[in-house]
Each structure stands twice: as structure tokens, then as C-alpha cells.
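Structure file target.cif with mmCIF, C-alpha atoms (C1' of nucleotides):
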```
data_model
#
loop_
_atom_site.label_atom_id
_atom_site.label_comp_id
_atom_site.auth_asym_id
_atom_site.auth_seq_id
_atom_site.Cartn_x
_atom_site.Cartn_y
_atom_site.Cartn_z
CA MET A 109 125.07 106.14 95.51
CA PRO A 110 122.69 107.70 97.96
CA ILE A 111 119.95 109.97 96.77
CA ASP A 112 121.75 113.23 97.15
CA LEU A 113 121.09 115.11 93.96
CA GLU A 114 121.63 118.77 93.65
CA LEU A 115 118.01 119.56 93.07
CA ALA A 116 117.77 122.89 91.36
CA PRO A 117 116.50 125.41 93.85
CA LYS A 118 113.54 127.63 93.15
CA GLN A 119 113.17 128.50 89.51
CA ARG A 120 111.37 130.81 87.22
CA ARG A 121 109.12 129.54 84.53
CA PRO A 122 109.68 131.03 81.07
CA ASN A 123 106.53 129.79 79.36
CA GLY A 124 105.63 126.85 77.20
CA SER A 125 108.27 124.90 79.05
CA PRO A 126 108.12 122.83 82.19
CA CYS A 127 109.35 124.46 85.34
CA CYS A 128 112.20 122.07 86.07
CA GLU A 129 114.63 120.05 84.05
CA PRO A 130 113.89 116.42 84.72
CA VAL A 131 116.38 115.24 87.28
CA VAL A 132 118.01 111.96 86.46
CA TYR A 133 117.29 109.54 89.22
CA PRO A 134 120.19 107.36 90.27
CA ASP A 135 118.79 103.88 90.04
CA VAL A 136 120.81 102.79 93.00
CA GLN A 137 119.28 102.86 96.48
CA ARG A 138 116.23 101.38 94.81
CA GLU A 139 116.93 97.98 96.26
CA GLN A 140 117.73 99.41 99.64
CA ALA A 141 114.49 101.35 99.59
CA LEU A 142 112.62 98.18 98.69
CA ARG A 143 114.17 96.29 101.58
CA MET A 144 113.59 99.03 104.12
CA ALA A 145 110.03 99.64 102.91
CA GLU A 146 109.31 95.95 103.31
CA VAL A 147 110.46 96.07 106.93
CA ALA A 148 108.60 99.30 107.60
CA LYS A 149 105.46 97.87 106.06
CA ALA A 150 105.63 94.87 108.34
CA LEU A 151 105.96 97.22 111.30
CA GLY A 152 103.08 99.30 110.01
CA ASP A 153 100.51 97.52 112.11
CA PRO A 154 100.13 98.19 115.83
CA ILE A 155 99.86 94.54 116.75
CA ARG A 156 102.92 93.53 114.76
CA LEU A 157 104.88 96.44 116.17
CA GLN A 158 103.96 95.41 119.70
CA LEU A 159 104.81 91.81 118.88
CA VAL A 160 108.28 92.86 117.83
CA ASP A 161 108.49 95.02 120.93
CA VAL A 162 107.70 92.08 123.19
CA LEU A 163 110.08 89.77 121.38
CA ARG A 164 112.89 92.30 121.42
CA LYS A 165 112.58 92.84 125.15
CA HIS A 166 112.97 89.15 125.76
CA ALA A 167 116.36 88.03 124.64
CA GLY A 168 115.21 84.43 124.62
CA LYS A 169 112.56 82.89 122.48
CA VAL A 170 108.91 83.42 123.29
CA CYS A 171 106.20 80.82 122.96
CA VAL A 172 103.21 81.69 120.80
CA CYS A 173 100.90 80.62 123.60
CA GLU A 174 102.33 83.44 125.68
CA LEU A 175 101.72 85.97 122.94
CA VAL A 176 98.11 85.12 122.23
CA PRO A 177 96.60 86.50 125.47
CA LEU A 178 98.40 89.81 124.98
CA PHE A 179 96.13 90.86 122.16
CA ASP A 180 92.44 90.89 121.43
CA ILE A 181 92.72 88.81 118.32
CA ALA A 182 92.16 85.16 117.58
CA GLN A 183 95.05 82.76 117.43
CA PRO A 184 94.97 82.31 113.64
CA THR A 185 95.14 86.06 113.23
CA LEU A 186 98.21 86.21 115.45
CA SER A 187 99.71 83.40 113.42
CA HIS A 188 99.06 85.44 110.33
CA HIS A 189 100.85 88.46 111.79
CA LEU A 190 103.79 86.32 112.82
CA LYS A 191 104.01 84.99 109.31
CA LYS A 192 104.12 88.55 107.97
CA LEU A 193 106.98 89.32 110.29
CA ARG A 194 108.71 86.13 109.21
CA ASP A 195 108.25 86.94 105.52
CA ALA A 196 109.74 90.36 106.14
CA GLY A 197 112.79 88.76 107.68
CA ILE A 198 112.23 90.35 111.06
CA VAL A 199 111.55 87.28 113.17
CA ASP A 200 112.07 83.58 112.93
CA SER A 201 110.65 80.63 114.82
CA GLU A 202 111.74 77.34 116.15
CA ARG A 203 109.53 74.39 116.80
CA GLN A 204 109.95 72.42 120.00
CA GLY A 205 107.39 69.70 120.39
CA LEU A 206 103.98 71.30 120.40
CA TRP A 207 105.29 74.77 120.93
CA ALA A 208 106.69 77.32 118.55
CA TYR A 209 109.16 79.84 119.86
CA TYR A 210 109.65 83.15 118.13
CA TYR A 211 112.56 85.54 118.29
CA VAL A 212 113.77 88.65 116.53
CA ILE A 213 116.52 88.01 114.02
CA PRO A 214 119.62 89.93 115.10
CA ASN A 215 120.28 93.06 113.03
CA ALA A 216 117.06 92.60 111.11
CA LEU A 217 116.04 96.15 111.93
CA GLU A 218 119.49 97.64 111.62
CA GLU A 219 119.31 98.99 108.10
CA LEU A 220 116.03 100.81 108.69
CA SER A 221 117.18 101.98 112.09
CA ALA A 222 120.39 103.40 110.66
CA TRP A 223 118.54 105.18 107.89
CA LEU A 224 116.11 106.73 110.35
CA SER A 225 118.74 108.12 112.67
CA MET B 11 104.59 101.17 131.33
CA PRO B 12 106.56 99.54 128.60
CA ILE B 13 105.78 96.03 127.52
CA ASP B 14 108.22 94.22 129.70
CA LEU B 15 106.26 91.45 131.27
CA GLU B 16 107.85 88.52 132.87
CA LEU B 17 106.55 86.03 130.39
CA ALA B 18 106.55 82.63 131.92
CA PRO B 19 109.30 80.58 130.37
CA LYS B 20 108.74 77.15 128.88
CA GLN B 21 106.06 75.22 130.64
CA ARG B 22 104.62 71.82 130.93
CA ARG B 23 101.09 71.04 130.08
CA PRO B 24 99.17 69.09 132.72
CA ASN B 25 96.10 68.23 130.67
CA GLY B 26 92.70 69.69 130.29
CA SER B 27 94.19 73.10 130.95
CA PRO B 28 95.75 75.67 128.70
CA CYS B 29 99.53 75.74 128.55
CA CYS B 30 100.03 79.26 129.84
CA GLU B 31 98.32 81.51 132.30
CA PRO B 32 96.90 84.43 130.38
CA VAL B 33 99.31 87.29 130.81
CA VAL B 34 97.70 90.57 131.67
CA TYR B 35 98.54 93.06 129.00
CA PRO B 36 99.41 96.54 130.21
CA ASP B 37 97.15 98.76 128.22
CA VAL B 38 99.74 101.47 128.05
CA GLN B 39 102.12 101.70 125.13
CA ARG B 40 99.04 101.13 123.01
CA GLU B 41 98.94 104.72 121.89
CA GLN B 42 102.65 104.82 121.27
CA ALA B 43 102.39 101.68 119.19
CA LEU B 44 99.58 103.25 117.21
CA ARG B 45 101.60 106.36 116.50
CA MET B 46 104.74 104.49 115.53
CA ALA B 47 102.83 102.01 113.40
CA GLU B 48 101.21 104.87 111.56
CA VAL B 49 104.61 106.33 110.73
CA ALA B 50 106.03 102.94 109.78
CA LYS B 51 103.03 102.25 107.59
CA ALA B 52 103.56 105.51 105.73
CA LEU B 53 107.19 104.52 105.18
CA GLY B 54 106.12 101.06 104.05
CA ASP B 55 106.12 102.00 100.39
CA PRO B 56 109.35 102.29 98.41
CA ILE B 57 108.30 105.51 96.70
CA ARG B 58 107.28 107.20 99.93
CA LEU B 59 110.44 106.04 101.65
CA GLN B 60 112.54 107.49 98.83
CA LEU B 61 110.51 110.68 98.94
CA VAL B 62 111.32 111.09 102.60
CA ASP B 63 114.92 110.24 101.84
CA VAL B 64 115.18 112.98 99.23
CA LEU B 65 113.44 115.51 101.45
CA ARG B 66 115.60 114.68 104.44
CA LYS B 67 118.80 115.11 102.49
CA HIS B 68 117.78 118.60 101.48
CA ALA B 69 117.55 120.79 104.49
CA GLY B 70 115.47 123.28 102.53
CA LYS B 71 112.11 122.74 101.01
CA VAL B 72 111.76 120.84 97.75
CA CYS B 73 109.37 121.71 94.95
CA VAL B 74 106.96 119.00 93.84
CA CYS B 75 107.96 119.62 90.24
CA GLU B 76 111.44 118.48 91.16
CA LEU B 77 110.13 115.30 92.73
CA VAL B 78 107.91 114.18 89.88
CA PRO B 79 110.67 113.22 87.41
CA LEU B 80 112.38 111.10 90.06
CA PHE B 81 109.73 108.40 89.89
CA ASP B 82 107.87 106.51 87.24
CA ILE B 83 104.46 107.56 88.46
CA ALA B 84 102.02 110.23 87.34
CA GLN B 85 101.82 113.53 89.15
CA PRO B 86 98.46 112.85 90.85
CA THR B 87 99.84 109.60 92.19
CA LEU B 88 102.81 111.42 93.64
CA SER B 89 100.40 113.90 95.14
CA HIS B 90 98.62 111.03 96.83
CA HIS B 91 101.82 109.70 98.31
CA LEU B 92 102.70 113.14 99.60
CA LYS B 93 99.27 113.38 101.18
CA LYS B 94 99.83 110.06 102.93
CA LEU B 95 103.08 111.37 104.32
CA ARG B 96 101.32 114.56 105.38
CA ASP B 97 98.51 112.63 107.06
CA ALA B 98 101.09 110.59 108.95
CA GLY B 99 102.68 113.79 110.24
CA ILE B 100 105.98 113.12 108.52
CA VAL B 101 106.07 115.99 106.05
CA ASP B 102 104.38 119.28 105.55
CA SER B 103 104.11 121.65 102.62
CA GLU B 104 104.10 125.31 101.93
CA ARG B 105 102.54 126.98 98.94
CA GLN B 106 104.47 129.71 97.17
CA GLY B 107 102.72 130.93 94.09
CA LEU B 108 102.31 128.03 91.72
CA TRP B 109 104.71 125.82 93.54
CA ALA B 110 104.33 123.68 96.61
CA TYR B 111 107.40 123.05 98.67
CA TYR B 112 107.64 119.98 100.86
CA TYR B 113 109.84 119.35 103.84
CA VAL B 114 110.23 116.79 106.59
CA ILE B 115 108.81 117.88 109.92
CA PRO B 116 111.64 117.99 112.46
CA ASN B 117 111.59 115.08 114.90
CA ALA B 118 108.70 113.46 113.09
CA LEU B 119 110.67 110.23 112.83
CA GLU B 120 112.28 110.49 116.23
CA GLU B 121 109.94 108.27 118.23
CA LEU B 122 110.15 105.40 115.75
CA SER B 123 113.86 105.89 115.34
CA ALA B 124 114.43 105.77 119.08
CA TRP B 125 112.35 102.66 119.44
CA LEU B 126 114.25 100.93 116.66
CA SER B 127 117.69 101.61 118.07
"C1'" DC C 215 94.34 54.15 119.72
"C1'" DT C 216 91.59 58.30 121.17
"C1'" DA C 217 91.20 62.80 122.81
"C1'" DT C 218 93.24 67.02 123.36
"C1'" DT C 219 96.55 70.76 122.85
"C1'" DA C 220 99.50 74.07 120.06
"C1'" DC C 221 100.00 76.06 116.04
"C1'" DA C 222 99.56 76.80 110.92
"C1'" DT C 223 96.89 77.06 106.74
"C1'" DT C 224 92.88 77.86 103.92
"C1'" DG C 225 88.79 80.28 102.49
"C1'" DA C 226 85.67 83.97 102.79
"C1'" DT C 227 84.61 88.79 103.57
"C1'" DG C 228 84.65 93.61 104.45
"C1'" DG C 229 87.70 97.38 104.29
"C1'" DA C 230 91.82 99.76 102.92
"C1'" DT C 231 95.26 100.94 99.19
"C1'" DA C 232 97.71 102.24 94.84
"C1'" DT C 233 97.15 103.89 90.48
"C1'" DG C 234 95.59 106.68 86.54
"C1'" DA C 235 92.21 109.50 83.96
"C1'" DC C 236 89.69 113.36 84.66
"C1'" DT C 237 88.47 117.62 86.82
"C1'" DG C 238 89.12 121.70 89.70
"C1'" DT C 239 91.76 125.59 91.72
"C1'" DT C 240 95.06 129.02 91.80
"C1'" DA C 241 98.55 131.74 89.81
"C1'" DT C 242 101.30 133.49 86.13
"C1'" DT C 243 102.23 134.83 81.33
"C1'" DG C 244 101.09 137.41 77.30
"C1'" DC D 248 90.75 138.36 79.55
"C1'" DA D 249 92.57 133.89 77.57
"C1'" DA D 250 95.87 130.33 77.79
"C1'" DT D 251 98.79 127.64 80.34
"C1'" DA D 252 101.36 125.68 84.22
"C1'" DA D 253 101.56 123.52 89.01
"C1'" DC D 254 99.32 121.02 92.07
"C1'" DA D 255 95.32 118.86 94.65
"C1'" DG D 256 91.07 116.43 94.79
"C1'" DT D 257 87.57 113.07 92.97
"C1'" DC D 258 86.18 108.88 90.93
"C1'" DA D 259 86.66 104.23 89.38
"C1'" DT D 260 89.14 99.92 89.46
"C1'" DA D 261 92.09 96.29 90.61
"C1'" DT D 262 94.71 94.61 94.20
"C1'" DC D 263 96.05 93.94 98.84
"C1'" DC D 264 95.08 93.40 103.87
"C1'" DA D 265 93.15 92.16 108.52
"C1'" DT D 266 90.17 89.26 110.61
"C1'" DC D 267 87.66 85.15 111.82
"C1'" DA D 268 85.71 80.47 111.20
"C1'" DA D 269 86.82 76.18 109.92
"C1'" DT D 270 90.11 72.81 109.00
"C1'" DG D 271 94.63 70.47 108.99
"C1'" DT D 272 98.95 68.75 111.22
"C1'" DA D 273 101.86 67.20 114.65
"C1'" DA D 274 102.70 65.90 119.28
"C1'" DT D 275 101.47 64.49 123.85
"C1'" DA D 276 98.43 62.61 127.64
"C1'" DG D 277 95.75 58.89 129.14
#
```
Once you've parsed the file, please lay out its structure as C-alpha cells.
Amino acid sequence: MPIDLELAPKQRRPNGSPCCEPVVYPDVQREQALRMAEVAKALGDPIRLQLVDVLRKHAGKVCVCELVPLFDIAQPTLSHHLKKLRDAGIVDSERQGLWAYYYVIPNALEELSAWLS
Amino acid sequence: MPIDLELAPKQRRPNGSPCCEPVVYPDVQREQALRMAEVAKALGDPIRLQLVDVLRKHAGKVCVCELVPLFDIAQPTLSHHLKKLRDAGIVDSERQGLWAYYYVIPNALEELSAWLS
DNA sequence: CTATTACATTGATGGATATGACTGTTATTG
DNA sequence: CAATAACAGTCATATCCATCAATGTAATAG
């Protein structure tokens, strides 16, 4: 059940009583909000957002060594950001020899995107 | 200029040299990433995301007193979250007597939404 | 085997963040 | 005017976060 309560419109205030009856909050959508907030939080850093932007615009997988020179941060810091994106379920990686290739998980952004539009 | 570099695909590593030529990063899109990350960061909290959800689903303006009972947080904490959303340019408020009415700023989410889809 | 490269992890640190208790401001009731 | 209600701001605290330096791991070159 989406959050679509009939919130009481403007109200008078008798006195000695709160202005609004407490609206019962439908506990549903809670989990969806948690999931979407987790994704949004991961995107809430300019570097991570640009990382996702780069990865999205390259259908294939991108090597970490190609991502490092794009930003003014040290390699461990980039690794840290990539881990955040991985923990949020936005990207995943694949190891091939010495290199690690990252890619955006298909539909990982879909729920948030649908909610925003 | 959007981030759409031709990242060199997989590469060999001669030896004594880094694996990839440093890719020149187009400094543009930086500001856009900053703006979108700011919005995403503000949405990166379940309570704030649900707040925006409630406000969006009510075309009119919603009184703070109607928002408070929806969440298990104290009123000052809710006020803080609303301020975060205000600072991020997502919502605005209007004072009418004792009450403050909040609403989502039209198109405030458009840039992020467009980028996500 | 030794050196080096690519990447991840750990630890430390300064800065931001979420929360609640308290206080302040404004407006309305009586 | 006095009391109260609605909301915002301040302060303190505990937690989280971004960053870097240093280290660890795995693989490849020589």
C-alpha cells in the first residue's frame, strides 16, 4: 500500500488538544523506502555518482585502472567507493587476472528511477 | 560534455609501466554531479524519502503537524529532516499562522530523475 | 624465486550526521 | 496579559563517513 493517506486538510485548533488526529501510518512501503534510500545514499557522493555514470555509459565492464585517473583521489579511496556501490547492490565486479572489471547491475536503479519519475 | 570517454579496453602490461594511459577527465559534468549527488544524499535517508513521498502524493501543501505522527521521531528531529530537504532544494515551506506547510518544489527531482532513466 | 603491478583491506583521523533535550519565537485562545 | 500550541534553532553526544597511509594478496614478468 503506497503512502497515500487522506491527510486532513487545514484544521482549526480548539484548545487543550493537538491540532491533528494522529494519522495511522501504513507500515508498508517501509521496506521499499529502506531499499531506495540505500541506493540514493550510495549515489549521494559526487565521485560515486560519476563512477556510476561512467560505468553506465560503457555497456561492457570497466577496469579499475581506467577509473583511477578520472578522479583526484587515491586508489584505496576509489576502492572504498566501489565497495560502497557494491554493498548497495548497484555495481558488481569480476576479477580477471590482475584486473578487476566493474559494471552496473542491470535494473539496479530501476526502483528508485521509477519512484522519481 | 558528458562523461563518455573512449576508455581503452583490456590491455596488456609491458612491465615497468602502468597498465593504462591516464585518461583525461573532462572537467564538465562536475557541477551536475554535485547537484545530483546533493539531491540523492538528501533522499538517502528512509524518513526523508518517505517525507518526500508523502508530500509528492499530495498536490497541496502539508502541515508539519500531520507529518509528525507518521514517524517514530520527535518533532525537532523531523524539523531537522525537513531542513535538510529544504537545503537540498527539494522542498519549501510556507508559514500560515501557527502552521507551516511543506510542499515539493516542482521539477526539483527532475535532473536526477532524468539521469537515472 | 624475486620484483613489480593491480587491487583490496585495515587503521587512523578529521569532519559530517542523526537524534533528543532544551530553549526560543510566533501566534492563538481565553 | 497569561497560557498554550506549532514549529525552528541550539547544544551535546554518539555514530557514521571520506580520505589517506600503510599493508596484504594474488598474479605476472623476468
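Residues of chain A having any atom within 7 Å of chain D, counting all atoms listed in the file, are Thr185, Gly205 and Leu206 of chain A.
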Exercise. I need the residue set behind the PyMOL selection byres ((chain C) within 9 of (chain B)) for this file; please write it as a ChimeraX atom specification.
Key: /C:218-220,232-234,240-242
Give me a file of those residues, with C-alpha atoms (C1' of nucleotides), as a tab-separated table (two decimals), keeping the file's coordinate frame.
```tsv
chain	number	residue	atom	x	y	z
C	218	DT	C1'	93.24	67.02	123.36
C	219	DT	C1'	96.55	70.76	122.85
C	220	DA	C1'	99.50	74.07	120.06
C	232	DA	C1'	97.71	102.24	94.84
C	233	DT	C1'	97.15	103.89	90.48
C	234	DG	C1'	95.59	106.68	86.54
C	240	DT	C1'	95.06	129.02	91.80
C	241	DA	C1'	98.55	131.74	89.81
C	242	DT	C1'	101.30	133.49	86.13
```
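Separating atom CA of B:Ile57 from atom CA of B:Ala69 is a distance of 19.5 Å.
With distances restricted to only C-alpha atoms, B:Gly54 is the closest residue to chain A from B:Gly54, B:Val62, B:Ser103, B:Tyr112.
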Using the file's own x, y and z axes, so that the box edges lie along x, y and z, what centre and edge lengths in Å (one decimal) does a box around every listed atom of stretch 180-193 of chain A get when 3 Å is added on each side? Give it as lines of an AutoDock Vina configuration file.
```
center_x = 99.6
center_y = 86.6
center_z = 114.7
size_x = 20.8
size_y = 14.6
size_z = 19.5
```
Practice problem: For the file shown, report as a PyMOL selection string the outcome of the PyMOL selection byres ((chain A and resi 200) around 7) at residue level. | Solution: chain A and resi 194+199+201+210-213
Exercise. For B:Arg40, work out the shell of residues within 9 Å, counting only C-alpha atoms (C1' of nucleotides) and skipping chain neighbours fewer than 4 positions away, then give it as an MDAnalysis selection string.
Key: (chainID A and resid 154 158) or (chainID B and resid 36 44:45)
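Atom pair atom CA of A:Leu193 / atom CA of A:Val147 has a distance of 8.3 Å (rounded to one decimal).
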